[in-house]
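Heads up, target.cif below (mmCIF, C-alpha atoms):
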data_entry
#
loop_
_atom_site.label_atom_id
_atom_site.label_comp_id
_atom_site.auth_asym_id
_atom_site.auth_seq_id
_atom_site.Cartn_x
_atom_site.Cartn_y
_atom_site.Cartn_z
CA MET M 161 -49.92 194.60 171.33
CA SER M 162 -49.71 197.10 174.18
CA LYS M 163 -47.86 195.95 177.30
CA LEU M 164 -48.81 196.64 180.91
CA ARG M 165 -45.93 198.32 182.74
CA ILE M 166 -45.60 197.13 186.35
CA ALA M 167 -43.15 198.68 188.81
CA VAL M 168 -41.54 196.70 191.63
CA GLN M 169 -38.96 197.62 194.22
CA LYS M 170 -35.46 197.42 192.79
CA SER M 171 -34.01 195.33 195.62
CA GLY M 172 -34.82 193.98 199.06
CA ARG M 173 -37.45 191.73 200.54
CA LEU M 174 -40.36 193.41 198.76
CA ASN M 175 -38.62 192.78 195.45
CA GLN M 176 -38.21 189.09 196.23
CA ASP M 177 -41.83 188.65 197.32
CA SER M 178 -43.09 190.62 194.32
CA MET M 179 -41.10 188.56 191.81
CA LYS M 180 -42.29 185.34 193.45
CA LEU M 181 -45.91 186.49 193.11
CA LEU M 182 -45.39 187.33 189.43
CA LYS M 183 -43.84 183.92 188.86
CA ASP M 184 -46.76 182.23 190.66
CA ILE M 185 -49.25 183.92 188.33
CA GLY M 186 -47.38 182.74 185.24
CA ILE M 187 -45.34 185.86 184.46
CA SER M 188 -41.77 184.71 183.84
CA ILE M 189 -39.09 187.41 183.84
CA ASP M 190 -35.46 187.15 182.74
CA ASN M 191 -33.92 190.02 184.65
CA GLY M 192 -30.29 190.80 183.93
CA LYS M 193 -28.25 192.50 186.62
CA ASP M 194 -28.85 196.25 186.94
CA GLN M 195 -31.60 196.34 184.30
CA LEU M 196 -34.17 199.11 184.59
CA LYS M 197 -36.87 197.01 182.93
CA ALA M 198 -37.48 193.52 181.60
CA SER M 199 -40.20 191.95 179.46
CA ALA M 200 -42.19 188.87 180.41
CA LYS M 201 -42.15 185.73 178.31
CA GLY M 202 -45.46 185.04 176.58
CA PHE M 203 -47.42 187.71 178.45
CA PRO M 204 -47.86 191.44 177.62
CA VAL M 205 -46.05 192.83 180.68
CA GLU M 206 -42.92 194.89 181.27
CA VAL M 207 -41.48 195.03 184.77
CA PHE M 208 -39.72 198.23 185.88
CA TYR M 209 -37.22 198.00 188.77
CA LEU M 210 -37.39 201.27 190.69
CA ARG M 211 -36.54 202.82 194.03
CA ASN M 212 -39.51 202.30 196.34
CA GLY M 213 -39.90 206.00 197.13
CA ASP M 214 -39.95 206.95 193.43
CA ILE M 215 -42.75 204.58 192.41
CA PRO M 216 -45.71 206.81 193.47
CA GLN M 217 -44.55 209.62 191.17
CA TYR M 218 -44.08 207.19 188.27
CA LEU M 219 -47.67 206.05 188.82
CA LYS M 220 -48.99 209.61 188.95
CA ASP M 221 -47.17 210.54 185.73
CA GLY M 222 -48.34 207.40 183.91
CA VAL M 223 -44.76 206.21 183.30
CA VAL M 224 -45.88 202.88 184.79
CA ASP M 225 -49.42 201.54 184.80
CA ALA M 226 -49.37 199.57 188.05
CA ALA M 227 -47.03 198.75 190.92
CA ILE M 228 -46.47 196.32 193.74
CA ILE M 229 -45.60 198.66 196.57
CA GLY M 230 -45.83 199.05 200.33
CA GLU M 231 -49.10 200.65 201.44
CA ASN M 232 -47.12 202.89 203.79
CA VAL M 233 -45.25 204.46 200.85
CA LEU M 234 -48.53 205.19 199.04
CA ILE M 235 -49.99 206.86 202.11
CA GLU M 236 -46.86 209.02 202.38
CA LYS M 237 -46.39 209.91 198.70
CA GLY M 238 -49.24 208.48 196.65
CA GLU M 239 -52.23 210.77 197.06
CA GLY M 240 -54.79 210.04 194.34
CA ILE M 241 -53.46 206.55 193.53
CA ASN M 242 -55.94 203.69 193.88
CA VAL M 243 -55.20 200.33 195.52
CA VAL M 244 -56.95 197.46 193.72
CA GLU M 245 -55.61 194.50 195.70
CA LYS M 246 -54.00 193.88 199.08
CA LEU M 247 -51.35 191.20 198.67
CA GLY M 248 -50.80 189.85 202.19
CA PHE M 249 -46.99 190.00 202.36
CA SER M 250 -44.26 192.43 203.46
CA SER M 251 -46.27 193.44 206.53
CA CYS M 252 -44.95 196.22 208.74
CA ARG M 253 -46.11 199.05 210.99
CA VAL M 254 -45.39 202.77 211.00
CA CYS M 255 -44.77 203.54 214.65
CA ILE M 256 -43.78 206.24 217.08
CA ALA M 257 -40.87 205.24 219.34
CA VAL M 258 -39.16 207.01 222.23
CA PRO M 259 -36.13 206.22 224.45
CA LYS M 260 -36.84 203.36 226.87
CA SER M 261 -36.17 205.60 229.85
CA ASP M 262 -38.83 208.15 228.85
CA GLN M 263 -42.26 208.24 230.46
CA TYR M 264 -44.98 208.08 227.81
CA ASN M 265 -48.72 208.15 228.45
CA SER M 266 -50.29 209.32 225.20
CA ILE M 267 -49.63 211.11 221.94
CA LYS M 268 -50.14 214.38 223.83
CA ASP M 269 -46.71 213.81 225.38
CA LEU M 270 -45.17 214.70 221.98
CA GLU M 271 -46.47 218.28 222.15
CA GLY M 272 -43.55 220.58 221.27
CA LYS M 273 -41.11 217.66 220.95
CA ARG M 274 -38.71 216.90 218.09
CA ILE M 275 -39.61 213.85 215.96
CA ALA M 276 -37.19 212.37 213.42
CA THR M 277 -38.88 210.56 210.53
CA SER M 278 -38.76 209.52 206.88
CA TYR M 279 -42.57 209.83 206.77
CA PRO M 280 -43.31 213.52 207.41
CA ASN M 281 -46.70 213.60 205.66
CA THR M 282 -47.92 210.53 207.54
CA VAL M 283 -46.73 211.93 210.87
CA LYS M 284 -48.31 215.34 210.19
CA MET M 285 -51.68 213.75 209.46
CA PHE M 286 -51.48 211.68 212.65
CA LEU M 287 -50.48 214.65 214.81
CA ASN M 288 -53.16 216.88 213.29
CA GLU M 289 -55.83 214.26 214.02
CA HIS M 290 -54.85 214.40 217.69
CA GLY M 291 -54.32 218.17 217.88
CA VAL M 292 -50.61 217.87 218.64
CA GLU M 293 -47.91 220.24 217.39
CA ALA M 294 -44.35 218.96 217.12
CA ASN M 295 -41.17 219.74 215.21
CA LEU M 296 -40.33 217.25 212.47
CA HIS M 297 -36.79 216.45 211.38
CA ILE M 298 -36.83 214.69 208.00
CA ILE M 299 -34.19 211.97 207.78
CA ASN M 300 -33.66 209.44 205.00
CA GLY M 301 -32.31 206.28 206.61
CA SER M 302 -30.95 205.49 210.09
CA VAL M 303 -33.79 207.31 211.82
CA GLU M 304 -33.30 205.19 214.95
CA ILE M 305 -30.03 206.89 215.92
CA ALA M 306 -31.60 210.38 216.12
CA PRO M 307 -32.51 210.30 219.86
CA ASN M 308 -29.10 208.85 220.79
CA ILE M 309 -27.22 211.73 219.14
CA GLY M 310 -29.54 214.40 220.53
CA LEU M 311 -31.22 215.23 217.23
CA ALA M 312 -34.74 214.24 218.31
CA ASP M 313 -36.88 213.27 221.29
CA ALA M 314 -38.78 210.59 219.36
CA ILE M 315 -38.84 208.90 215.99
CA CYS M 316 -41.46 207.66 213.55
CA ASP M 317 -40.41 204.82 211.26
CA ILE M 318 -41.44 201.45 209.84
CA VAL M 319 -41.17 198.50 212.22
CA SER M 320 -41.24 194.81 211.37
CA SER M 321 -39.82 192.78 214.26
CA GLY M 322 -38.83 195.65 216.56
CA SER M 323 -35.23 194.42 216.86
CA THR M 324 -33.76 197.64 215.43
CA LEU M 325 -35.62 199.71 218.03
CA PHE M 326 -34.38 197.42 220.79
CA LYS M 327 -30.76 197.73 219.63
CA ASN M 328 -31.06 201.52 219.71
CA ASN M 329 -32.59 201.57 223.21
CA LEU M 330 -36.01 202.66 221.96
CA LYS M 331 -39.52 201.46 222.72
CA GLU M 332 -42.59 201.48 220.48
CA VAL M 333 -45.36 203.62 221.99
CA ASP M 334 -47.90 204.32 219.22
CA THR M 335 -48.83 202.66 215.93
CA ILE M 336 -49.83 205.16 213.24
CA LEU M 337 -50.77 202.59 210.62
CA LYS M 338 -50.36 198.94 209.61
CA SER M 339 -49.07 198.26 206.13
CA GLU M 340 -48.65 195.43 203.63
CA ALA M 341 -47.77 195.12 199.96
CA VAL M 342 -50.54 196.25 197.61
CA LEU M 343 -51.24 196.37 193.89
CA ALA M 344 -51.67 200.05 193.00
CA VAL M 345 -52.83 201.53 189.68
CA SER M 346 -51.95 204.69 187.80
CA PRO M 347 -54.83 207.18 187.31
CA LYS M 348 -53.70 207.37 183.66
CA LEU M 349 -54.22 203.67 182.91
CA ASN M 350 -55.92 203.24 179.51
CA SER M 351 -58.65 200.72 178.64
CA GLU M 352 -56.41 198.34 176.70
CA ARG M 353 -53.97 197.99 179.57
CA GLN M 354 -56.87 197.86 182.05
CA ALA M 355 -57.93 194.58 180.42
CA ILE M 356 -54.43 193.14 180.95
CA LEU M 357 -54.49 194.33 184.57
CA GLU M 358 -57.82 192.59 185.19
CA THR M 359 -56.33 189.30 183.97
CA ILE M 360 -53.37 189.76 186.31
CA GLN M 361 -55.65 190.67 189.22
CA PHE M 362 -57.76 187.55 188.65
CA ARG M 363 -54.60 185.40 188.72
CA ILE M 364 -53.35 187.13 191.87
CA GLN M 365 -56.66 186.50 193.63
CA SER M 366 -56.42 182.80 192.72
CA VAL M 367 -52.90 182.56 194.15
CA LEU M 368 -53.79 184.45 197.34
CA LYS M 369 -56.85 182.27 197.95
CA GLY M 370 -54.66 179.21 197.58
CA ARG M 371 -52.04 180.55 199.99
CA ASN M 372 -54.74 181.25 202.59
CA SER M 373 -56.38 177.84 202.36
CA LYS M 374 -55.66 174.16 203.09
CA TYR M 375 -57.11 171.09 201.35
CA VAL M 376 -58.37 168.54 203.87
CA LEU M 377 -59.16 164.85 203.31
CA LEU M 378 -60.52 162.64 206.08
CA ASN M 379 -62.31 159.37 206.72
CA ALA M 380 -65.42 159.04 208.83
CA PRO M 381 -68.17 156.53 209.69
CA ASN M 382 -71.28 157.22 207.64
CA ASP M 383 -73.32 158.04 210.74
CA LYS M 384 -70.83 160.84 211.57
CA VAL M 385 -70.59 162.36 208.08
CA GLN M 386 -73.37 164.94 208.50
CA ASP M 387 -71.91 166.15 211.83
CA ILE M 388 -68.54 166.56 210.11
CA ILE M 389 -70.05 168.38 207.11
CA ASP M 390 -71.66 170.82 209.52
CA VAL M 391 -68.18 171.70 210.84
CA LEU M 392 -66.51 172.18 207.45
CA PRO M 393 -66.84 175.61 205.82
CA GLY M 394 -65.91 174.38 202.30
CA MET M 395 -66.15 176.36 199.07
CA LYS M 396 -69.74 175.34 198.26
CA SER M 397 -70.09 172.00 200.01
CA PRO M 398 -67.66 169.20 200.89
CA THR M 399 -67.14 166.23 198.57
CA VAL M 400 -68.24 162.89 200.07
CA LEU M 401 -67.08 159.60 198.48
CA PRO M 402 -67.75 156.03 199.69
CA LEU M 403 -64.75 153.99 200.85
CA ALA M 404 -64.13 150.35 199.98
CA GLN M 405 -64.82 149.53 203.63
CA GLU M 406 -68.57 149.42 204.06
CA GLY M 407 -70.08 152.04 206.34
CA TRP M 408 -67.24 154.55 205.83
CA SER M 409 -66.82 157.61 203.62
CA SER M 410 -64.05 159.97 202.59
CA VAL M 411 -64.77 163.68 203.00
CA HIS M 412 -62.82 166.34 201.06
CA SER M 413 -63.00 170.09 201.69
CA VAL M 414 -61.08 173.36 201.95
CA ILE M 415 -60.31 175.13 205.23
CA SER M 416 -59.15 178.71 205.73
CA LYS M 417 -55.64 178.85 207.14
CA ASN M 418 -56.86 181.21 209.87
CA GLN M 419 -59.49 178.69 211.05
CA PHE M 420 -57.36 175.61 210.53
CA TRP M 421 -56.60 174.29 214.04
CA ASP M 422 -60.02 175.12 215.46
CA VAL M 423 -61.69 173.21 212.62
CA ILE M 424 -59.30 170.25 212.94
CA ASP M 425 -60.03 169.99 216.67
CA ASP M 426 -63.78 169.99 215.94
CA LEU M 427 -63.39 167.34 213.23
CA LYS M 428 -61.55 165.00 215.59
CA ALA M 429 -64.22 165.52 218.23
CA LYS M 430 -66.92 164.64 215.66
CA GLY M 431 -65.26 161.33 214.78
CA ALA M 432 -63.00 162.14 211.82
CA GLN M 433 -60.00 159.83 211.32
CA GLY M 434 -56.99 159.72 209.00
CA ILE M 435 -57.02 163.47 208.46
CA LEU M 436 -54.65 164.59 205.66
CA VAL M 437 -53.83 168.26 205.04
CA CYS M 438 -52.36 169.51 201.75
CA PRO M 439 -51.24 172.96 200.55
CA ILE M 440 -53.15 174.56 197.70
CA GLU M 441 -51.18 176.21 194.92
CA LYS M 442 -54.08 178.17 193.38
CA MET M 443 -57.86 178.41 193.75
CA VAL M 444 -59.89 179.40 190.69
CA LEU M 445 -63.49 180.04 191.72
#
Could you take the file, read its structure, and then write that structure out as structure tokens?
Amino acid sequence: MSKLRIAVQKSGRLNQDSMKLLKDIGISIDNGKDQLKASAKGFPVEVFYLRNGDIPQYLKDGVVDAAIIGENVLIEKGEGINVVEKLGFSSCRVCIAVPKSDQYNSIKDLEGKRIATSYPNTVKMFLNEHGVEANLHIINGSVEIAPNIGLADAICDIVSSGSTLFKNNLKEVDTILKSEAVLAVSPKLNSERQAILETIQFRIQSVLKGRNSKYVLLNAPNDKVQDIIDVLPGMKSPTVLPLAQEGWSSVHSVISKNQFWDVIDDLKAKGAQGILVCPIEKMVL
């Protein structure tokens, strides 16, 4: 049987998050040290461990069928590659930063300036959109030191917490794009492997829905149950079960993680008691 070839980052945080996701969807990998690829147990998948910046070309050439990769890398190097799922982890921003002492009002202030970056295509697109011409210095790694050594007036790089900018006496002044890990697909994917990918995508969606939701159980007087149901979003409708104590019911439902505290506050105000909140491993709808 044909195997779907999935690329992941060789090392780093994105690798760890990617391998955890694969494990959560039932794809178990025994990866020996320094292996280029490894096969899954009991599932038609091979995982390729590649340098992040090389993955877009492997996708274009059809060497791999799919990849878990940062959206920022695809925008820089992956023209023509489709994203089929956003994965919700490894979030970062691609930002313009300048020395803290510099006055900065808008992107127009970069006219004629020198910008050091590892993302020249992304920066060019951004500057062109705003009608700004600047000189780009392409640097692979340690972009943040460029202004301090007189190589550039500004930088453009990925930012997570901003601590690296702070240490190098820089300030973030413009965000070009926001990025997260995505599942991307080769334009040369065949129909047999497409079927395997669809199974994987279905499993990923189930895991992501579980991660973004909480299971809620609560007790309420029967005369308050309808008010409480009106508050709960649920999947279709909440489950209501009678308690041993007459006049009381147990209500079960699912709450989005993003709405969680607002909904809990409303439930308490409507008379809910004994509220229990549980994580959800997976949601198959």
Evaluate the PyMOL selection byres ((chain M and resi 251) around 7) here and jot the selected residues down as a VMD selection string.
chain M and resid 249 to 250 252 339 to 341
Among the residues M:Tyr375, M:Ile389, M:Gly230, M:Asn329, the one that comes closest to Phe420 of chain M [using only C-alpha atoms]:
M:Tyr375
If the PyMOL selection byres ((chain M and resi 414) around 12) is run on the structure shown, which residues does it catch, given as a VMD selection string?
chain M and resid 369 to 378 389 391 to 399 411 to 413 415 to 420 423 to 424 436 to 440 443
Which residues are close to Glu239 of chain M, i.e. within 12 Å by only C-alpha atoms, leaving aside same-chain residues fewer than 5 positions away? Reply as a list of chain:residue names.
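In the requested format, the answer is M:Pro216, M:Gln217, M:Leu219, M:Lys220, M:Glu231, M:Asn232, M:Val233, M:Leu234, M:Asn281, M:Thr282, M:Ala344, M:Val345, M:Ser346, M:Pro347.
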Quick one: everything within 12 Å of Val342 of chain M, counting all atoms listed in the file, minus sequence neighbours fewer than 5 positions away in the same chain. Send it as a VMD selection string.
chain M and resid 167 to 168 174 177 to 178 181 226 to 235 241 to 251 361 364
Could you dump the residues just selected with C-alpha atoms as a PDB file, in the coordinates of the input?
ATOM      1  CA  ALA M 167     -43.150 198.680 188.810  1.00  0.00           C
ATOM      2  CA  VAL M 168     -41.540 196.700 191.630  1.00  0.00           C
ATOM      3  CA  LEU M 174     -40.360 193.410 198.760  1.00  0.00           C
ATOM      4  CA  ASP M 177     -41.830 188.650 197.320  1.00  0.00           C
ATOM      5  CA  SER M 178     -43.090 190.620 194.320  1.00  0.00           C
ATOM      6  CA  LEU M 181     -45.910 186.490 193.110  1.00  0.00           C
ATOM      7  CA  ALA M 226     -49.370 199.570 188.050  1.00  0.00           C
ATOM      8  CA  ALA M 227     -47.030 198.750 190.920  1.00  0.00           C
ATOM      9  CA  ILE M 228     -46.470 196.320 193.740  1.00  0.00           C
ATOM     10  CA  ILE M 229     -45.600 198.660 196.570  1.00  0.00           C
ATOM     11  CA  GLY M 230     -45.830 199.050 200.330  1.00  0.00           C
ATOM     12  CA  GLU M 231     -49.100 200.650 201.440  1.00  0.00           C
ATOM     13  CA  ASN M 232     -47.120 202.890 203.790  1.00  0.00           C
ATOM     14  CA  VAL M 233     -45.250 204.460 200.850  1.00  0.00           C
ATOM     15  CA  LEU M 234     -48.530 205.190 199.040  1.00  0.00           C
ATOM     16  CA  ILE M 235     -49.990 206.860 202.110  1.00  0.00           C
ATOM     17  CA  ILE M 241     -53.460 206.550 193.530  1.00  0.00           C
ATOM     18  CA  ASN M 242     -55.940 203.690 193.880  1.00  0.00           C
ATOM     19  CA  VAL M 243     -55.200 200.330 195.520  1.00  0.00           C
ATOM     20  CA  VAL M 244     -56.950 197.460 193.720  1.00  0.00           C
ATOM     21  CA  GLU M 245     -55.610 194.500 195.700  1.00  0.00           C
ATOM     22  CA  LYS M 246     -54.000 193.880 199.080  1.00  0.00           C
ATOM     23  CA  LEU M 247     -51.350 191.200 198.670  1.00  0.00           C
ATOM     24  CA  GLY M 248     -50.800 189.850 202.190  1.00  0.00           C
ATOM     25  CA  PHE M 249     -46.990 190.000 202.360  1.00  0.00           C
ATOM     26  CA  SER M 250     -44.260 192.430 203.460  1.00  0.00           C
ATOM     27  CA  SER M 251     -46.270 193.440 206.530  1.00  0.00           C
ATOM     28  CA  GLN M 361     -55.650 190.670 189.220  1.00  0.00           C
ATOM     29  CA  ILE M 364     -53.350 187.130 191.870  1.00  0.00           C
TER      30      ILE M 364
END
Evaluate the PyMOL selection byres ((chain M and resi 350-355) around 10) and report residues as a ChimeraX atom specification:
/M:161-165,204-205,222,225-226,345-349,356-361
May I ask which of the residues M:His297, M:Pro307, M:Phe286, M:Arg211 is the closest one to Thr335 of chain M, counting only C-alpha atoms?
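Using only C-alpha atoms, Thr335 of chain M sits closest to M:Phe286.
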